[in-house]
Amino acid sequence: MLPQIVITDFIDDDLQVERDILLGVADVRALNAHSESELQGQIEQAAAIMMYHNLSLSAATIDRLQDCRLIVRCGVGFDNVDRVRARQRGIPVANVPDYGTEEVADSAIAMALSLARGVHFYNQRLRHTPDPWEYRVAAPIHRLRDRVFAVVGLGRIGTATALRAKACGMTVRFYDPYKPDGYDKALGVERVESLQTLLAEAQILSVHCPLTPETHHMINAESLSWMPRGGYLVNTARGAVVELGAVTEALRSGQLAGAAIDVLPDEPPTADNVLLAAWRDPQHPAHERLIINPHSAFYSEEGLIDMRRKGSQACLRAITGKPLRNIVN
Ligand SMILES: NC(=O)C1=CN([C@@H]2O[C@H](COP(=O)(O)OP(=O)(O)OC[C@H]3O[C@@H](n4cnc5c(N)ncnc54)[C@H](O)[C@@H]3O)[C@@H](O)[C@H]2O)C=CC1
Ligand SMILES: O=C(O)C(=O)CO
């Protein structure tokens, strides 16, 4: 019997990419589950698991695995896997860190430019206001050159976004306590030593750190108050890095002139999501100043194929006893 590779979520089309790599060596099963409870009875015999961002693998689910040699998070962020439990159970967890860096950076800069140039705002006004042919209706628009573009987390995506912001003539500063010295010099960006210093001059803030206990709600009412009034927030990292109530309030008060949010703390969001409520309500000041995307910053057809191919290759290495890569636990 061939070892089983179970794909828990996300892939709902043909399994061509996976089968091309695993044909003859593994029995590939796609569950396309929408909740963790649907995995019960389906994953126990898996020799390797491929998972995306739509589900979490909690300790209870990991405890069901009887002979699993690898869990691959097909994607960068591995905050939805209980890595500690996996380590206790002796199951390595790997991610796929390099399938969509450019896509996320392109999305972040597209969102930043859409906010800062009023593209989204004007489009909304034109659609909904009877006599909207007026360019000075948004928050004042400023020349991008020499604006301060602030990056939290200068990793792969933060770096790619910083380079794009520099190409627009912006001054890029970053806060990343784990980045070794010297990197900033090579990139031509300025390091600052605290989040508060970064935000004190940030006209556009772009978040690119992972979700960890340290970064959970790092962008909150207090940290938003450190920014100059009328700034913009872009979050393509993880929803829970940002406190949504604080963003909604900052948009209402004008502390933020706009926000673009690709990721929410609960995905898909529940009906009572405070930011979605503001975004839907034409009377709310945030209505025209808010861009919300459905966790799509990573998406391109090419990136998806890379992600699936690299995830499948990681499983192949696990079941054929080759050295594993990109282990995160
Ligand atoms: N919206 C989307 O579709 C996607 C979102 N992501 C998110 O983007 C995040 C970043 O991805 P990469 O750049 O590839 O990861 P990376 O690991 O290359 O970079 C993350 C950077 O954040 C820094 N960091 C860690 N803790 C920090 C803290 N407390 N304060 C400031 N910086 C901190 C790290 O030192 C590192 O340089 C992922 O963790 C993931 O959550 C990634 C891919 C797609
Ligand atoms: O790669 C990631 O971390 C994503 O958010 C997309 O799955």
# chains A, B, ... in the order shown; residues from 1 in each chain; ligands from 1
call {"tool": "select_by_dssp", "arguments": {"residues": "segment 7-66 of chain A", "states": "strand (DSSP E or B)", "output": "list of chain:residue names"}}
result
A:Ile7, A:Asp27, A:Val28, A:Arg29, A:Ala30, A:Ala46, A:Ala47, A:Ala48, A:Ile49, A:Met50, A:Met51, A:Leu57
call {"tool": "write_last_selection", "arguments": {"atoms": "all heavy atoms", "output": "PDB file, in the first residue's frame"}}
result
ATOM      1  N   ILE A   7      -4.230  16.187   1.775  1.00  0.00           N
ATOM      2  CA  ILE A   7      -4.306  17.652   1.615  1.00  0.00           C
ATOM      3  C   ILE A   7      -5.582  18.083   2.329  1.00  0.00           C
ATOM      4  O   ILE A   7      -6.679  17.693   1.946  1.00  0.00           O
ATOM      5  CB  ILE A   7      -4.359  18.043   0.128  1.00  0.00           C
ATOM      6  CG1 ILE A   7      -3.184  17.400  -0.625  1.00  0.00           C
ATOM      7  CG2 ILE A   7      -4.352  19.556  -0.038  1.00  0.00           C
ATOM      8  CD1 ILE A   7      -3.244  17.575  -2.130  1.00  0.00           C
ATOM      9  N   ASP A  27      -0.345   7.888  -2.243  1.00  0.00           N
ATOM     10  CA  ASP A  27      -1.779   7.941  -2.514  1.00  0.00           C
ATOM     11  C   ASP A  27      -2.238   9.330  -2.031  1.00  0.00           C
ATOM     12  O   ASP A  27      -2.257   9.602  -0.832  1.00  0.00           O
ATOM     13  CB  ASP A  27      -2.400   6.794  -1.691  1.00  0.00           C
ATOM     14  CG  ASP A  27      -3.895   6.882  -1.600  1.00  0.00           C
ATOM     15  OD1 ASP A  27      -4.489   7.626  -2.383  1.00  0.00           O
ATOM     16  OD2 ASP A  27      -4.459   6.190  -0.718  1.00  0.00           O
ATOM     17  N   VAL A  28      -2.538  10.239  -2.990  1.00  0.00           N
ATOM     18  CA  VAL A  28      -2.839  11.631  -2.636  1.00  0.00           C
ATOM     19  C   VAL A  28      -4.347  11.793  -2.430  1.00  0.00           C
ATOM     20  O   VAL A  28      -5.133  11.450  -3.311  1.00  0.00           O
ATOM     21  CB  VAL A  28      -2.367  12.599  -3.747  1.00  0.00           C
ATOM     22  CG1 VAL A  28      -2.667  14.048  -3.376  1.00  0.00           C
ATOM     23  CG2 VAL A  28      -0.887  12.419  -4.025  1.00  0.00           C
ATOM     24  N   ARG A  29      -4.726  12.295  -1.265  1.00  0.00           N
ATOM     25  CA  ARG A  29      -6.151  12.497  -0.962  1.00  0.00           C
ATOM     26  C   ARG A  29      -6.408  13.951  -0.621  1.00  0.00           C
ATOM     27  O   ARG A  29      -5.762  14.494   0.270  1.00  0.00           O
ATOM     28  CB  ARG A  29      -6.559  11.672   0.257  1.00  0.00           C
ATOM     29  CG  ARG A  29      -6.351  10.219   0.008  1.00  0.00           C
ATOM     30  CD  ARG A  29      -6.825   9.397   1.143  1.00  0.00           C
ATOM     31  NE  ARG A  29      -6.615   8.005   0.767  1.00  0.00           N
ATOM     32  CZ  ARG A  29      -7.155   6.984   1.366  1.00  0.00           C
ATOM     33  NH1 ARG A  29      -7.947   7.181   2.401  1.00  0.00           N
ATOM     34  NH2 ARG A  29      -6.911   5.763   0.966  1.00  0.00           N
ATOM     35  N   ALA A  30      -7.363  14.562  -1.289  1.00  0.00           N
ATOM     36  CA  ALA A  30      -7.700  15.969  -1.004  1.00  0.00           C
ATOM     37  C   ALA A  30      -9.035  16.021  -0.268  1.00  0.00           C
ATOM     38  O   ALA A  30     -10.028  15.488  -0.743  1.00  0.00           O
ATOM     39  CB  ALA A  30      -7.790  16.750  -2.306  1.00  0.00           C
ATOM     40  N   ALA A  46      -2.308   9.386   7.727  1.00  0.00           N
ATOM     41  CA  ALA A  46      -1.473  10.182   6.812  1.00  0.00           C
ATOM     42  C   ALA A  46       0.015  10.008   7.110  1.00  0.00           C
ATOM     43  O   ALA A  46       0.442  10.082   8.264  1.00  0.00           O
ATOM     44  CB  ALA A  46      -1.853  11.659   6.932  1.00  0.00           C
ATOM     45  N   ALA A  47       0.790   9.790   6.050  1.00  0.00           N
ATOM     46  CA  ALA A  47       2.252   9.774   6.191  1.00  0.00           C
ATOM     47  C   ALA A  47       2.784  11.202   6.103  1.00  0.00           C
ATOM     48  O   ALA A  47       3.862  11.507   6.618  1.00  0.00           O
ATOM     49  CB  ALA A  47       2.872   8.914   5.104  1.00  0.00           C
ATOM     50  N   ALA A  48       2.034  12.054   5.419  1.00  0.00           N
ATOM     51  CA  ALA A  48       2.383  13.491   5.371  1.00  0.00           C
ATOM     52  C   ALA A  48       1.098  14.275   5.148  1.00  0.00           C
ATOM     53  O   ALA A  48       0.151  13.774   4.538  1.00  0.00           O
ATOM     54  CB  ALA A  48       3.379  13.773   4.248  1.00  0.00           C
ATOM     55  N   ILE A  49       1.096  15.497   5.677  1.00  0.00           N
ATOM     56  CA  ILE A  49      -0.071  16.375   5.555  1.00  0.00           C
ATOM     57  C   ILE A  49       0.346  17.614   4.785  1.00  0.00           C
ATOM     58  O   ILE A  49       1.397  18.198   5.071  1.00  0.00           O
ATOM     59  CB  ILE A  49      -0.555  16.837   6.955  1.00  0.00           C
ATOM     60  CG1 ILE A  49      -0.924  15.656   7.833  1.00  0.00           C
ATOM     61  CG2 ILE A  49      -1.647  17.896   6.865  1.00  0.00           C
ATOM     62  CD1 ILE A  49      -2.376  15.343   7.911  1.00  0.00           C
ATOM     63  N   MET A  50      -0.471  18.011   3.824  1.00  0.00           N
ATOM     64  CA  MET A  50      -0.288  19.321   3.188  1.00  0.00           C
ATOM     65  C   MET A  50      -1.474  20.179   3.610  1.00  0.00           C
ATOM     66  O   MET A  50      -2.620  19.764   3.451  1.00  0.00           O
ATOM     67  CB  MET A  50      -0.282  19.195   1.658  1.00  0.00           C
ATOM     68  CG  MET A  50       1.014  18.647   1.109  1.00  0.00           C
ATOM     69  SD  MET A  50       0.900  18.221  -0.651  1.00  0.00           S
ATOM     70  CE  MET A  50       0.792  19.827  -1.417  1.00  0.00           C
ATOM     71  N   MET A  51      -1.191  21.371   4.135  1.00  0.00           N
ATOM     72  CA  MET A  51      -2.276  22.237   4.596  1.00  0.00           C
ATOM     73  C   MET A  51      -2.051  23.672   4.124  1.00  0.00           C
ATOM     74  O   MET A  51      -0.925  24.083   3.873  1.00  0.00           O
ATOM     75  CB  MET A  51      -2.373  22.203   6.127  1.00  0.00           C
ATOM     76  CG  MET A  51      -1.139  22.738   6.795  1.00  0.00           C
ATOM     77  SD  MET A  51      -1.262  22.746   8.589  1.00  0.00           S
ATOM     78  CE  MET A  51      -2.519  23.976   8.861  1.00  0.00           C
ATOM     79  N   LEU A  57      -4.411  23.399  12.533  1.00  0.00           N
ATOM     80  CA  LEU A  57      -4.135  22.056  13.059  1.00  0.00           C
ATOM     81  C   LEU A  57      -3.797  22.232  14.534  1.00  0.00           C
ATOM     82  O   LEU A  57      -2.704  22.654  14.896  1.00  0.00           O
ATOM     83  CB  LEU A  57      -2.960  21.391  12.350  1.00  0.00           C
ATOM     84  CG  LEU A  57      -3.174  20.733  10.989  1.00  0.00           C
ATOM     85  CD1 LEU A  57      -2.053  19.760  10.696  1.00  0.00           C
ATOM     86  CD2 LEU A  57      -4.515  20.038  10.851  1.00  0.00           C
TER      87      LEU A  57
END
call {"tool": "residues_near_ligand", "arguments": {"ligand": "ligand 1", "cutoff": "8 Å", "atoms": "only C-alpha atoms and all ligand atoms", "output": "NGL selection string"}}
result
:A and (75-79 or 97-98 or 100-101 or 104 or 152-159 or 175-179 or 195 or 208-212 or 214-215 or 235-238 or 262-263 or 295-299)
call {"tool": "residues_around", "arguments": {"residues": "Asn329 of chain A", "least_positions_apart": "3", "cutoff": "7 Å", "atoms": "only C-alpha atoms", "output": "VMD selection string"}}
result
chain A and resid 83 to 84 87 92 to 93
call {"tool": "closest_residue", "arguments": {"among": "A:Ile141, A:Leu65, A:Ile11, A:Leu22", "to": "Gly41 of chain A", "atoms": "only C-alpha atoms"}}
result
A:Leu65
call {"tool": "residues_around", "arguments": {"residues": "Glu18 of chain A", "least_positions_apart": "4", "cutoff": "7 Å", "atoms": "only C-alpha atoms", "output": "PyMOL selection string"}}
result
chain A and resi 22+308-309+312
call {"tool": "residues_around", "arguments": {"residues": "Ile62 of chain A", "least_positions_apart": "4", "cutoff": "10 Å", "atoms": "only C-alpha atoms", "output": "PyMOL selection string"}}
result
chain A and resi 43-44+57-58+66+68+71+81-83+85-86+89+91
call {"tool": "closest_residue", "arguments": {"among": "A:Gly311, A:Gly231, A:Pro180, A:Pro268", "to": "Gln255 of chain A", "atoms": "only C-alpha atoms"}}
result
A:Gly231
call {"tool": "closest_residue", "arguments": {"among": "A:Glu301, A:Ala314, A:Phe149, A:Tyr52", "to": "ligand 2", "atoms": "only C-alpha atoms and all ligand atoms"}}
result
A:Tyr52
call {"tool": "select_by_dssp", "arguments": {"residues": "segment 43-291 of chain A", "states": "helix (DSSP H, G or I)", "output": "ChimeraX atom specification"}}
result
/A:59-64,83-88,101-116,119-128,156-167,183-187,195-200,221-225,239-241,244-253,274-280,287-289
call {"tool": "residues_around", "arguments": {"residues": "segment 217-222 of chain A", "least_positions_apart": "3", "cutoff": "8 Å", "atoms": "only C-alpha atoms", "output": "list of chain:residue names"}}
result
A:Glu214, A:Ser225, A:Trp226, A:Ala240, A:Val241, A:Val242, A:Glu243, A:Leu244, A:Ala246, A:Val247, A:Ala250
call {"tool": "write_last_selection", "arguments": {"atoms": "N, CA, C and O atoms", "output": "PDB file, in the first residue's frame"}}
result
ATOM      1  N   GLU A 214       4.299  37.955  20.590  1.00  0.00           N
ATOM      2  CA  GLU A 214       4.867  39.306  20.682  1.00  0.00           C
ATOM      3  C   GLU A 214       4.183  40.301  19.744  1.00  0.00           C
ATOM      4  O   GLU A 214       4.063  41.491  20.052  1.00  0.00           O
ATOM      5  N   SER A 225      -1.857  55.870  17.863  1.00  0.00           N
ATOM      6  CA  SER A 225      -1.801  57.278  18.305  1.00  0.00           C
ATOM      7  C   SER A 225      -0.386  57.855  18.163  1.00  0.00           C
ATOM      8  O   SER A 225      -0.208  59.067  18.182  1.00  0.00           O
ATOM      9  N   TRP A 226       0.622  56.990  18.005  1.00  0.00           N
ATOM     10  CA  TRP A 226       1.998  57.484  17.804  1.00  0.00           C
ATOM     11  C   TRP A 226       2.195  58.031  16.394  1.00  0.00           C
ATOM     12  O   TRP A 226       3.132  58.764  16.121  1.00  0.00           O
ATOM     13  N   ALA A 240      -4.571  39.270  13.235  1.00  0.00           N
ATOM     14  CA  ALA A 240      -4.501  39.517  14.679  1.00  0.00           C
ATOM     15  C   ALA A 240      -3.292  40.358  15.092  1.00  0.00           C
ATOM     16  O   ALA A 240      -3.145  40.697  16.268  1.00  0.00           O
ATOM     17  N   VAL A 241      -2.435  40.738  14.144  1.00  0.00           N
ATOM     18  CA  VAL A 241      -1.352  41.670  14.494  1.00  0.00           C
ATOM     19  C   VAL A 241      -1.967  43.057  14.757  1.00  0.00           C
ATOM     20  O   VAL A 241      -1.412  43.874  15.487  1.00  0.00           O
ATOM     21  N   VAL A 242      -3.129  43.263  14.175  1.00  0.00           N
ATOM     22  CA  VAL A 242      -3.792  44.560  14.245  1.00  0.00           C
ATOM     23  C   VAL A 242      -5.082  44.423  15.064  1.00  0.00           C
ATOM     24  O   VAL A 242      -5.821  43.462  14.887  1.00  0.00           O
ATOM     25  N   GLU A 243      -5.315  45.378  15.925  1.00  0.00           N
ATOM     26  CA  GLU A 243      -6.548  45.352  16.720  1.00  0.00           C
ATOM     27  C   GLU A 243      -7.641  46.090  15.928  1.00  0.00           C
ATOM     28  O   GLU A 243      -7.549  47.298  15.709  1.00  0.00           O
ATOM     29  N   LEU A 244      -8.632  45.353  15.462  1.00  0.00           N
ATOM     30  CA  LEU A 244      -9.591  45.915  14.495  1.00  0.00           C
ATOM     31  C   LEU A 244     -10.414  47.059  15.057  1.00  0.00           C
ATOM     32  O   LEU A 244     -10.709  48.028  14.352  1.00  0.00           O
ATOM     33  N   ALA A 246      -9.507  49.248  17.182  1.00  0.00           N
ATOM     34  CA  ALA A 246      -8.661  50.450  17.200  1.00  0.00           C
ATOM     35  C   ALA A 246      -8.551  51.051  15.798  1.00  0.00           C
ATOM     36  O   ALA A 246      -8.553  52.280  15.639  1.00  0.00           O
ATOM     37  N   VAL A 247      -8.477  50.202  14.779  1.00  0.00           N
ATOM     38  CA  VAL A 247      -8.391  50.707  13.401  1.00  0.00           C
ATOM     39  C   VAL A 247      -9.701  51.404  13.030  1.00  0.00           C
ATOM     40  O   VAL A 247      -9.701  52.507  12.452  1.00  0.00           O
ATOM     41  N   ALA A 250      -9.756  54.704  14.734  1.00  0.00           N
ATOM     42  CA  ALA A 250      -8.787  55.641  14.148  1.00  0.00           C
ATOM     43  C   ALA A 250      -9.291  56.170  12.804  1.00  0.00           C
ATOM     44  O   ALA A 250      -9.056  57.330  12.454  1.00  0.00           O
TER      45      ALA A 250
END
call {"tool": "closest_residue", "arguments": {"among": "A:Gly239, A:Pro323, A:Gly245, A:Pro213", "to": "ligand 2", "atoms": "only C-alpha atoms and all ligand atoms"}}
result
A:Gly239
call {"tool": "residues_around", "arguments": {"residues": "Arg229 of chain A", "least_positions_apart": "2", "cutoff": "12 Å", "atoms": "only C-alpha atoms", "output": "list in words"}}
result
Ala139, Pro140, Leu199, Ala200, Glu201, Ala202, Gln203, Ile204, Leu224, Ser225, Trp226, Met227, Gly231, Tyr232, Leu233, Ala250, Leu251, Ser253, Gly254, Gln255, Leu256, Ala257 and Gly258 of chain A
call {"tool": "write_last_selection", "arguments": {"atoms": "N, CA and C atoms", "output": "PDB file, in the first residue's frame"}}
result
ATOM      1  N   ALA A 139      -9.183  63.054   1.951  1.00  0.00           N
ATOM      2  CA  ALA A 139      -8.153  63.636   2.820  1.00  0.00           C
ATOM      3  C   ALA A 139      -7.103  64.240   1.897  1.00  0.00           C
ATOM      4  N   PRO A 140      -6.427  65.298   2.333  1.00  0.00           N
ATOM      5  CA  PRO A 140      -5.453  65.919   1.433  1.00  0.00           C
ATOM      6  C   PRO A 140      -4.478  64.882   0.886  1.00  0.00           C
ATOM      7  N   LEU A 199       6.785  54.630  14.177  1.00  0.00           N
ATOM      8  CA  LEU A 199       5.449  55.162  13.909  1.00  0.00           C
ATOM      9  C   LEU A 199       5.396  56.681  14.047  1.00  0.00           C
ATOM     10  N   ALA A 200       6.310  57.247  14.829  1.00  0.00           N
ATOM     11  CA  ALA A 200       6.275  58.690  15.079  1.00  0.00           C
ATOM     12  C   ALA A 200       6.355  59.505  13.785  1.00  0.00           C
ATOM     13  N   GLU A 201       6.967  58.929  12.738  1.00  0.00           N
ATOM     14  CA  GLU A 201       7.044  59.682  11.477  1.00  0.00           C
ATOM     15  C   GLU A 201       6.450  58.918  10.300  1.00  0.00           C
ATOM     16  N   ALA A 202       5.653  57.889  10.610  1.00  0.00           N
ATOM     17  CA  ALA A 202       5.163  57.009   9.530  1.00  0.00           C
ATOM     18  C   ALA A 202       3.934  57.600   8.865  1.00  0.00           C
ATOM     19  N   GLN A 203       4.060  57.913   7.593  1.00  0.00           N
ATOM     20  CA  GLN A 203       2.860  58.373   6.871  1.00  0.00           C
ATOM     21  C   GLN A 203       2.113  57.200   6.245  1.00  0.00           C
ATOM     22  N   ILE A 204       2.870  56.172   5.872  1.00  0.00           N
ATOM     23  CA  ILE A 204       2.248  54.922   5.426  1.00  0.00           C
ATOM     24  C   ILE A 204       2.912  53.800   6.221  1.00  0.00           C
ATOM     25  N   LEU A 224      -1.286  53.266  17.235  1.00  0.00           N
ATOM     26  CA  LEU A 224      -1.821  54.125  16.159  1.00  0.00           C
ATOM     27  C   LEU A 224      -1.743  55.594  16.546  1.00  0.00           C
ATOM     28  N   SER A 225      -1.857  55.870  17.863  1.00  0.00           N
ATOM     29  CA  SER A 225      -1.801  57.278  18.305  1.00  0.00           C
ATOM     30  C   SER A 225      -0.386  57.855  18.163  1.00  0.00           C
ATOM     31  N   TRP A 226       0.622  56.990  18.005  1.00  0.00           N
ATOM     32  CA  TRP A 226       1.998  57.484  17.804  1.00  0.00           C
ATOM     33  C   TRP A 226       2.195  58.031  16.394  1.00  0.00           C
ATOM     34  N   MET A 227       1.316  57.611  15.458  1.00  0.00           N
ATOM     35  CA  MET A 227       1.491  58.052  14.056  1.00  0.00           C
ATOM     36  C   MET A 227       1.039  59.499  13.900  1.00  0.00           C
ATOM     37  N   GLY A 231      -2.504  59.319   8.596  1.00  0.00           N
ATOM     38  CA  GLY A 231      -1.660  58.307   7.944  1.00  0.00           C
ATOM     39  C   GLY A 231      -2.477  57.159   7.364  1.00  0.00           C
ATOM     40  N   TYR A 232      -1.775  56.222   6.749  1.00  0.00           N
ATOM     41  CA  TYR A 232      -2.418  55.058   6.130  1.00  0.00           C
ATOM     42  C   TYR A 232      -1.822  53.778   6.710  1.00  0.00           C
ATOM     43  N   LEU A 233      -2.682  52.786   6.863  1.00  0.00           N
ATOM     44  CA  LEU A 233      -2.247  51.476   7.361  1.00  0.00           C
ATOM     45  C   LEU A 233      -2.522  50.419   6.300  1.00  0.00           C
ATOM     46  N   ALA A 250      -9.756  54.704  14.734  1.00  0.00           N
ATOM     47  CA  ALA A 250      -8.787  55.641  14.148  1.00  0.00           C
ATOM     48  C   ALA A 250      -9.291  56.170  12.804  1.00  0.00           C
ATOM     49  N   LEU A 251     -10.013  55.345  12.061  1.00  0.00           N
ATOM     50  CA  LEU A 251     -10.594  55.815  10.796  1.00  0.00           C
ATOM     51  C   LEU A 251     -11.737  56.801  11.080  1.00  0.00           C
ATOM     52  N   SER A 253     -12.042  58.743  13.712  1.00  0.00           N
ATOM     53  CA  SER A 253     -11.551  60.021  14.259  1.00  0.00           C
ATOM     54  C   SER A 253     -10.677  60.792  13.265  1.00  0.00           C
ATOM     55  N   GLY A 254     -10.240  60.132  12.194  1.00  0.00           N
ATOM     56  CA  GLY A 254      -9.349  60.793  11.240  1.00  0.00           C
ATOM     57  C   GLY A 254      -7.876  60.594  11.571  1.00  0.00           C
ATOM     58  N   GLN A 255      -7.574  59.904  12.678  1.00  0.00           N
ATOM     59  CA  GLN A 255      -6.174  59.600  12.974  1.00  0.00           C
ATOM     60  C   GLN A 255      -5.569  58.819  11.802  1.00  0.00           C
ATOM     61  N   LEU A 256      -6.356  57.868  11.270  1.00  0.00           N
ATOM     62  CA  LEU A 256      -5.971  57.213  10.012  1.00  0.00           C
ATOM     63  C   LEU A 256      -6.844  57.793   8.900  1.00  0.00           C
ATOM     64  N   ALA A 257      -6.196  58.164   7.781  1.00  0.00           N
ATOM     65  CA  ALA A 257      -6.979  58.630   6.629  1.00  0.00           C
ATOM     66  C   ALA A 257      -7.485  57.450   5.816  1.00  0.00           C
ATOM     67  N   GLY A 258      -6.865  56.286   5.998  1.00  0.00           N
ATOM     68  CA  GLY A 258      -7.309  55.107   5.256  1.00  0.00           C
ATOM     69  C   GLY A 258      -6.603  53.865   5.742  1.00  0.00           C
TER      70      GLY A 258
END
call {"tool": "closest_residue", "arguments": {"among": "A:Asp131, A:Glu102, A:Glu193, A:Asp146", "to": "Leu163 of chain A", "atoms": "only C-alpha atoms"}}
result
A:Glu102
call {"tool": "closest_residue", "arguments": {"among": "A:Met1, A:Ala138, A:Leu324, A:Ile21", "to": "Ala94 of chain A", "atoms": "only C-alpha atoms"}}
result
A:Leu324
call {"tool": "atom_distance", "arguments": {"atom1": "atom CA of Arg73 of chain A", "atom2": "atom CA of Tyr99 of chain A"}}
result
12.1 Å
call {"tool": "atom_distance", "arguments": {"atom1": "atom CA of Asn54 of chain A", "atom2": "atom CA of Arg164 of chain A"}}
result
28.9 Å
call {"tool": "decode", "arguments": {"residues": "segment 182-198 of chain A", "atoms": "N, CA and C atoms", "output": "mmCIF file, in the first residue's frame"}}
result
data_model
loop_
_atom_site.group_PDB
_atom_site.id
_atom_site.type_symbol
_atom_site.label_atom_id
_atom_site.label_comp_id
_atom_site.auth_asym_id
_atom_site.auth_seq_id
_atom_site.Cartn_x
_atom_site.Cartn_y
_atom_site.Cartn_z
ATOM 1 N N GLY A 182 23.431 45.815 9.137
ATOM 2 C CA GLY A 182 24.115 45.816 7.847
ATOM 3 C C GLY A 182 23.149 45.662 6.686
ATOM 4 N N TYR A 183 22.105 44.922 6.899
ATOM 5 C CA TYR A 183 21.097 44.677 5.863
ATOM 6 C C TYR A 183 20.516 46.005 5.370
ATOM 7 N N ASP A 184 20.243 46.903 6.332
ATOM 8 C CA ASP A 184 19.661 48.213 6.006
ATOM 9 C C ASP A 184 20.580 49.011 5.087
ATOM 10 N N LYS A 185 21.885 48.889 5.334
ATOM 11 C CA LYS A 185 22.839 49.655 4.514
ATOM 12 C C LYS A 185 22.795 49.147 3.080
ATOM 13 N N ALA A 186 22.753 47.823 2.927
ATOM 14 C CA ALA A 186 22.742 47.251 1.583
ATOM 15 C C ALA A 186 21.472 47.652 0.824
ATOM 16 N N LEU A 187 20.382 47.785 1.543
ATOM 17 C CA LEU A 187 19.108 48.084 0.878
ATOM 18 C C LEU A 187 18.847 49.577 0.715
ATOM 19 N N GLY A 188 19.553 50.379 1.482
ATOM 20 C CA GLY A 188 19.280 51.824 1.440
ATOM 21 C C GLY A 188 17.997 52.185 2.166
ATOM 22 N N VAL A 189 17.760 51.509 3.286
ATOM 23 C CA VAL A 189 16.601 51.847 4.122
ATOM 24 C C VAL A 189 17.122 52.146 5.526
ATOM 25 N N GLU A 190 16.283 52.835 6.330
ATOM 26 C CA GLU A 190 16.774 53.258 7.649
ATOM 27 C C GLU A 190 16.188 52.404 8.751
ATOM 28 N N ARG A 191 17.065 51.844 9.583
ATOM 29 C CA ARG A 191 16.588 51.060 10.724
ATOM 30 C C ARG A 191 16.241 51.996 11.882
ATOM 31 N N VAL A 192 15.149 51.693 12.587
ATOM 32 C CA VAL A 192 14.904 52.378 13.854
ATOM 33 C C VAL A 192 14.779 51.317 14.941
ATOM 34 N N GLU A 193 14.992 51.726 16.171
ATOM 35 C CA GLU A 193 15.158 50.743 17.246
ATOM 36 C C GLU A 193 13.878 50.422 18.005
ATOM 37 N N SER A 194 12.791 51.161 17.717
ATOM 38 C CA SER A 194 11.546 50.814 18.422
ATOM 39 C C SER A 194 10.356 51.082 17.508
ATOM 40 N N LEU A 195 9.263 50.398 17.815
ATOM 41 C CA LEU A 195 8.034 50.604 17.039
ATOM 42 C C LEU A 195 7.571 52.054 17.180
ATOM 43 N N GLN A 196 7.726 52.589 18.400
ATOM 44 C CA GLN A 196 7.259 53.959 18.639
ATOM 45 C C GLN A 196 8.032 54.956 17.764
ATOM 46 N N THR A 197 9.340 54.776 17.674
ATOM 47 C CA THR A 197 10.143 55.678 16.830
ATOM 48 C C THR A 197 9.714 55.535 15.371
ATOM 49 N N LEU A 198 9.476 54.297 14.956
ATOM 50 C CA LEU A 198 9.059 54.081 13.566
ATOM 51 C C LEU A 198 7.752 54.817 13.279
#
